[in-house]
Amino acid sequence: NTPGANANAVKELVLCGMFLGSRRVVDGINHMKQLGRDGLAKERVEKDKAMFGGRELDGKTLAIVGLGHIGASTARDASRLGMKTVGYDPALSIESALKLPRGIELVDAISTAVSKADYISLNIPYIKGEGGTHGIINEDVISHFKSDAVLLNFARGELVDSQAMKEFLDNSDGRYISDFPDDELWDHKNAIILPHLGASTAEAEDAAATMAAKTIMEYLNTGTIKNSVNFPDTTLPDRSQSTIRFTVVNRNKPGMLAKITGALAKFDLNISQQVNHSRGEVAYNVIDVDPHTTDGKKISLKELQKEITMLDGVLSSRALFGVPGAGYAKNVDGKYFI
């Protein structure tokens, strides 16, 4: 998972969408192509421009629903274009908040955000089920839109109630710009539906590949987990050169941490630092151990790792030394594999 790697690419498409929704650029292009086919392009190029009048972004208001990597970046650049910005994000992180423009107005409801907006940008994930985001832009929210509002959806098509959006477009001068296909809206005169272009730039693909490679390298070298879809984010400060780092994956149930530390105590070893995080049914531990016993005896790291790995509830372990990625052991139905 590489969050933020495509943020700039998507942000630029959102900005493009605002221009497309303001100036009827696509309609103008198609019109000129038809005039060219009819041999009338030069004759009509000035006369017909009034058919495609629009408005400027400067001084208009942009509502950003979701203020993560893409939303915060969009807010900053919209402010530089002279736009007022309104933001809504009930899960706004400190990291994202620090990236917001100073003048942004934060509100506590989507309806409040959109009611002030000439343009609305969706930048939230699609989450199914109760309390999710399916159809979050519904009839009630759309009823708060200005009559000429432009909705920019480069997040997920399922966020928008298509029928409610179609009714809005049928009865207003609003616009819908998206890179997700929609059976109700794809050919509407007030909609522009693009291919799914959000992250389709060479730079975004390079950034995602680089981030993924660095994340894997960090895991192999230090045991750090970032941006996993099924494991908890876990980071422990760099270990001392005099210690050995173990990582342990176990079922997330009571008493497991005590079992793991008990195994280390059985070998008369001291823990210099450790962290334990869980996510769903899985827990992940990173433990730095001083390999010198209190009485000076030498220990077998292989025996220690087997002792930890074969604890009831432990799924796997790794000793981080030597070749990155080596030192892996697994407990499969009570059998030890290395």
# chains A, B, ... in the order shown; residues from 1 in each chain; ligands from 1

$ residues_around --residues "Gly296 in chain A" --least-positions-apart "3" --cutoff "12 Å" --atoms "only C-alpha atoms" --output "list in words"
Phe267, Asp268, Leu269, Asp290, Pro291, His292, Thr293 and Ile299 of chain A

$ residues_around --residues "range 179-194 of chain A" --least-positions-apart "6" --cutoff "9 Å" --atoms "only C-alpha atoms" --output "list of chain:residue names"
A:Gly17, A:Leu20, A:Gly21, A:Val26, A:Asn153, A:Phe154, A:Ala155, A:Arg156, A:Gly157, A:Glu158, A:Ser162, A:Gln163, A:Met165, A:Lys166, A:Leu169, A:Asp170, A:Asp173

$ residues_around --residues "Val65 in chain A" --least-positions-apart "2" --cutoff "9 Å" --atoms "only C-alpha atoms" --output "list in words"
Ala63, Leu67, Gly71, Val86, Gly87, Tyr88, Asp89, Ile110, Ala113, Val114, Ile120, Ser121, Leu122, Asn123 and Ile124 of chain A

$ residues_around --residues "Leu311 in chain A" --least-positions-apart "3" --cutoff "12 Å" --atoms "only C-alpha atoms" --output "number ranges by chain"
A: 248-251, 255-264, 304-308, 314-317, 330-336

$ write_last_selection --atoms "C-alpha atoms" --output "mmCIF file, in the first residue's frame"
data_model
loop_
_atom_site.group_PDB
_atom_site.id
_atom_site.type_symbol
_atom_site.label_atom_id
_atom_site.label_comp_id
_atom_site.auth_asym_id
_atom_site.auth_seq_id
_atom_site.Cartn_x
_atom_site.Cartn_y
_atom_site.Cartn_z
ATOM 1 C CA VAL A 248 6.999 -11.989 16.486
ATOM 2 C CA VAL A 249 3.580 -12.398 14.870
ATOM 3 C CA ASN A 250 0.912 -13.932 17.073
ATOM 4 C CA ARG A 251 -2.823 -14.318 17.389
ATOM 5 C CA GLY A 255 -1.669 -13.388 27.649
ATOM 6 C CA MET A 256 0.444 -13.649 24.497
ATOM 7 C CA LEU A 257 2.866 -10.859 25.378
ATOM 8 C CA ALA A 258 3.456 -12.456 28.769
ATOM 9 C CA LYS A 259 4.246 -15.787 27.079
ATOM 10 C CA ILE A 260 6.769 -14.153 24.740
ATOM 11 C CA THR A 261 8.540 -12.203 27.466
ATOM 12 C CA GLY A 262 8.431 -15.328 29.639
ATOM 13 C CA ALA A 263 10.323 -17.269 26.974
ATOM 14 C CA LEU A 264 13.039 -14.603 26.987
ATOM 15 C CA LEU A 304 15.660 -19.174 21.613
ATOM 16 C CA GLN A 305 13.839 -18.490 18.359
ATOM 17 C CA LYS A 306 12.365 -21.980 18.297
ATOM 18 C CA GLU A 307 11.198 -21.560 21.905
ATOM 19 C CA ILE A 308 9.387 -18.330 21.011
ATOM 20 C CA VAL A 314 2.589 -17.594 17.918
ATOM 21 C CA LEU A 315 2.429 -17.718 14.117
ATOM 22 C CA SER A 316 5.943 -16.722 13.084
ATOM 23 C CA SER A 317 9.128 -14.980 14.172
ATOM 24 C CA LYS A 330 7.061 -20.313 11.297
ATOM 25 C CA ASN A 331 4.723 -22.354 13.484
ATOM 26 C CA VAL A 332 2.334 -24.355 11.276
ATOM 27 C CA ASP A 333 -0.108 -26.478 13.285
ATOM 28 C CA GLY A 334 2.520 -27.158 15.923
ATOM 29 C CA LYS A 335 5.319 -27.939 13.464
ATOM 30 C CA TYR A 336 8.471 -25.818 13.263
#

$ select_by_dssp --residues "range 165-329 of chain A" --states "strand (DSSP E)" --output "ChimeraX atom specification"
/A:175-178,191-193,244-251,270-279,282-290,314-320,328-329

$ select_by_dssp --residues "range 91-223 of chain A" --states "helix (DSSP H, G or I)" --output "number ranges by chain"
A: 94-97, 110-115, 139-142, 157-159, 162-170, 202-222

$ residues_around --residues "Lys253 in chain A" --least-positions-apart "4" --cutoff "10 Å" --atoms "only C-alpha atoms" --output "list in words"
Leu257, Ser278, Glu281, Val282, Ala283 and Gly313 of chain A

$ write_last_selection --atoms "all heavy atoms" --output "short mmCIF file (atom, residue, chain, number, x, y, z; two decimals), in the first residue's frame"
data_model
loop_
_atom_site.label_atom_id
_atom_site.label_comp_id
_atom_site.auth_asym_id
_atom_site.auth_seq_id
_atom_site.Cartn_x
_atom_site.Cartn_y
_atom_site.Cartn_z
N LEU A 257 1.64 -11.63 25.11
CA LEU A 257 2.87 -10.86 25.38
C LEU A 257 3.60 -11.43 26.59
O LEU A 257 4.83 -11.53 26.60
CB LEU A 257 2.52 -9.38 25.60
CG LEU A 257 3.72 -8.43 25.76
CD1 LEU A 257 4.64 -8.51 24.55
CD2 LEU A 257 3.22 -7.00 25.98
N SER A 278 -1.57 -4.30 17.66
CA SER A 278 -2.49 -5.31 17.14
C SER A 278 -3.45 -4.70 16.13
O SER A 278 -3.69 -3.49 16.14
CB SER A 278 -3.29 -5.96 18.27
OG SER A 278 -4.08 -4.99 18.94
N GLU A 281 -7.33 -9.72 14.26
CA GLU A 281 -6.96 -10.98 14.89
C GLU A 281 -5.45 -11.18 15.01
O GLU A 281 -5.01 -12.21 15.51
CB GLU A 281 -7.56 -12.14 14.10
CG GLU A 281 -9.09 -12.14 14.07
CD GLU A 281 -9.65 -13.30 13.29
OE1 GLU A 281 -8.85 -14.02 12.64
OE2 GLU A 281 -10.89 -13.50 13.31
N VAL A 282 -4.67 -10.19 14.55
CA VAL A 282 -3.22 -10.35 14.51
C VAL A 282 -2.54 -9.31 15.40
O VAL A 282 -2.95 -8.15 15.45
CB VAL A 282 -2.69 -10.21 13.07
CG1 VAL A 282 -1.17 -10.22 13.03
CG2 VAL A 282 -3.24 -11.34 12.20
N ALA A 283 -1.49 -9.73 16.11
CA ALA A 283 -0.64 -8.82 16.87
C ALA A 283 0.80 -8.97 16.38
O ALA A 283 1.21 -10.04 15.92
CB ALA A 283 -0.71 -9.12 18.36
N GLY A 313 -0.11 -20.01 20.03
CA GLY A 313 -0.62 -18.70 19.63
C GLY A 313 0.33 -17.90 18.78
O GLY A 313 -0.08 -16.94 18.12
#

$ closest_residue --among "A:Leu159, A:Ile94, A:Ala204, A:Val107" --to "Lys11 in chain A" --atoms "only C-alpha atoms"
A:Ala204

$ residues_around --residues "Ser200 in chain A" --least-positions-apart "6" --cutoff "12 Å" --atoms "only C-alpha atoms" --output "VMD selection string"
chain A and resid 5 to 10 12 to 13 179 206 to 208

$ write_last_selection --atoms "N, CA, C and O atoms" --output "compact mmCIF listing (two decimals), in the first residue's frame"
# COMPACT_ATOMS: atom_id res chain seq x y z
N ALA A 5 1.36 8.46 -2.69
CA ALA A 5 2.29 8.43 -3.82
C ALA A 5 1.68 9.05 -5.07
O ALA A 5 2.38 9.64 -5.89
N ASN A 6 0.35 8.92 -5.21
CA ASN A 6 -0.30 9.47 -6.41
C ASN A 6 -1.03 10.77 -6.11
O ASN A 6 -1.81 11.27 -6.93
N ALA A 7 -0.79 11.35 -4.93
CA ALA A 7 -1.56 12.53 -4.50
C ALA A 7 -1.41 13.69 -5.46
O ALA A 7 -2.40 14.36 -5.81
N ASN A 8 -0.21 13.97 -5.91
CA ASN A 8 -0.02 15.12 -6.80
C ASN A 8 -0.72 14.90 -8.13
O ASN A 8 -1.34 15.82 -8.68
N ALA A 9 -0.64 13.67 -8.66
CA ALA A 9 -1.30 13.38 -9.94
C ALA A 9 -2.81 13.57 -9.84
O ALA A 9 -3.44 14.16 -10.73
N VAL A 10 -3.41 13.07 -8.77
CA VAL A 10 -4.86 13.20 -8.60
C VAL A 10 -5.23 14.66 -8.37
O VAL A 10 -6.22 15.17 -8.93
N GLU A 12 -3.75 17.32 -9.44
CA GLU A 12 -3.70 18.05 -10.71
C GLU A 12 -4.94 17.77 -11.56
O GLU A 12 -5.45 18.67 -12.24
N LEU A 13 -5.46 16.53 -11.50
CA LEU A 13 -6.66 16.21 -12.26
C LEU A 13 -7.89 16.90 -11.65
O LEU A 13 -8.80 17.33 -12.38
N ASP A 179 -13.79 10.64 -13.03
CA ASP A 179 -13.09 9.65 -13.86
C ASP A 179 -13.55 8.24 -13.52
O ASP A 179 -12.78 7.29 -13.62
N ASP A 206 6.19 5.98 -10.65
CA ASP A 206 7.55 5.93 -10.08
C ASP A 206 7.51 6.15 -8.57
O ASP A 206 8.21 5.47 -7.81
N ALA A 207 6.71 7.13 -8.15
CA ALA A 207 6.62 7.43 -6.71
C ALA A 207 6.06 6.25 -5.94
O ALA A 207 6.54 5.92 -4.84
N ALA A 208 5.03 5.59 -6.49
CA ALA A 208 4.43 4.43 -5.82
C ALA A 208 5.42 3.28 -5.74
O ALA A 208 5.54 2.62 -4.70

$ closest_residue --among "A:Leu35, A:Ala50, A:Val45, A:Ala75" --to "Leu15 in chain A" --atoms "only C-alpha atoms"
A:Ala75
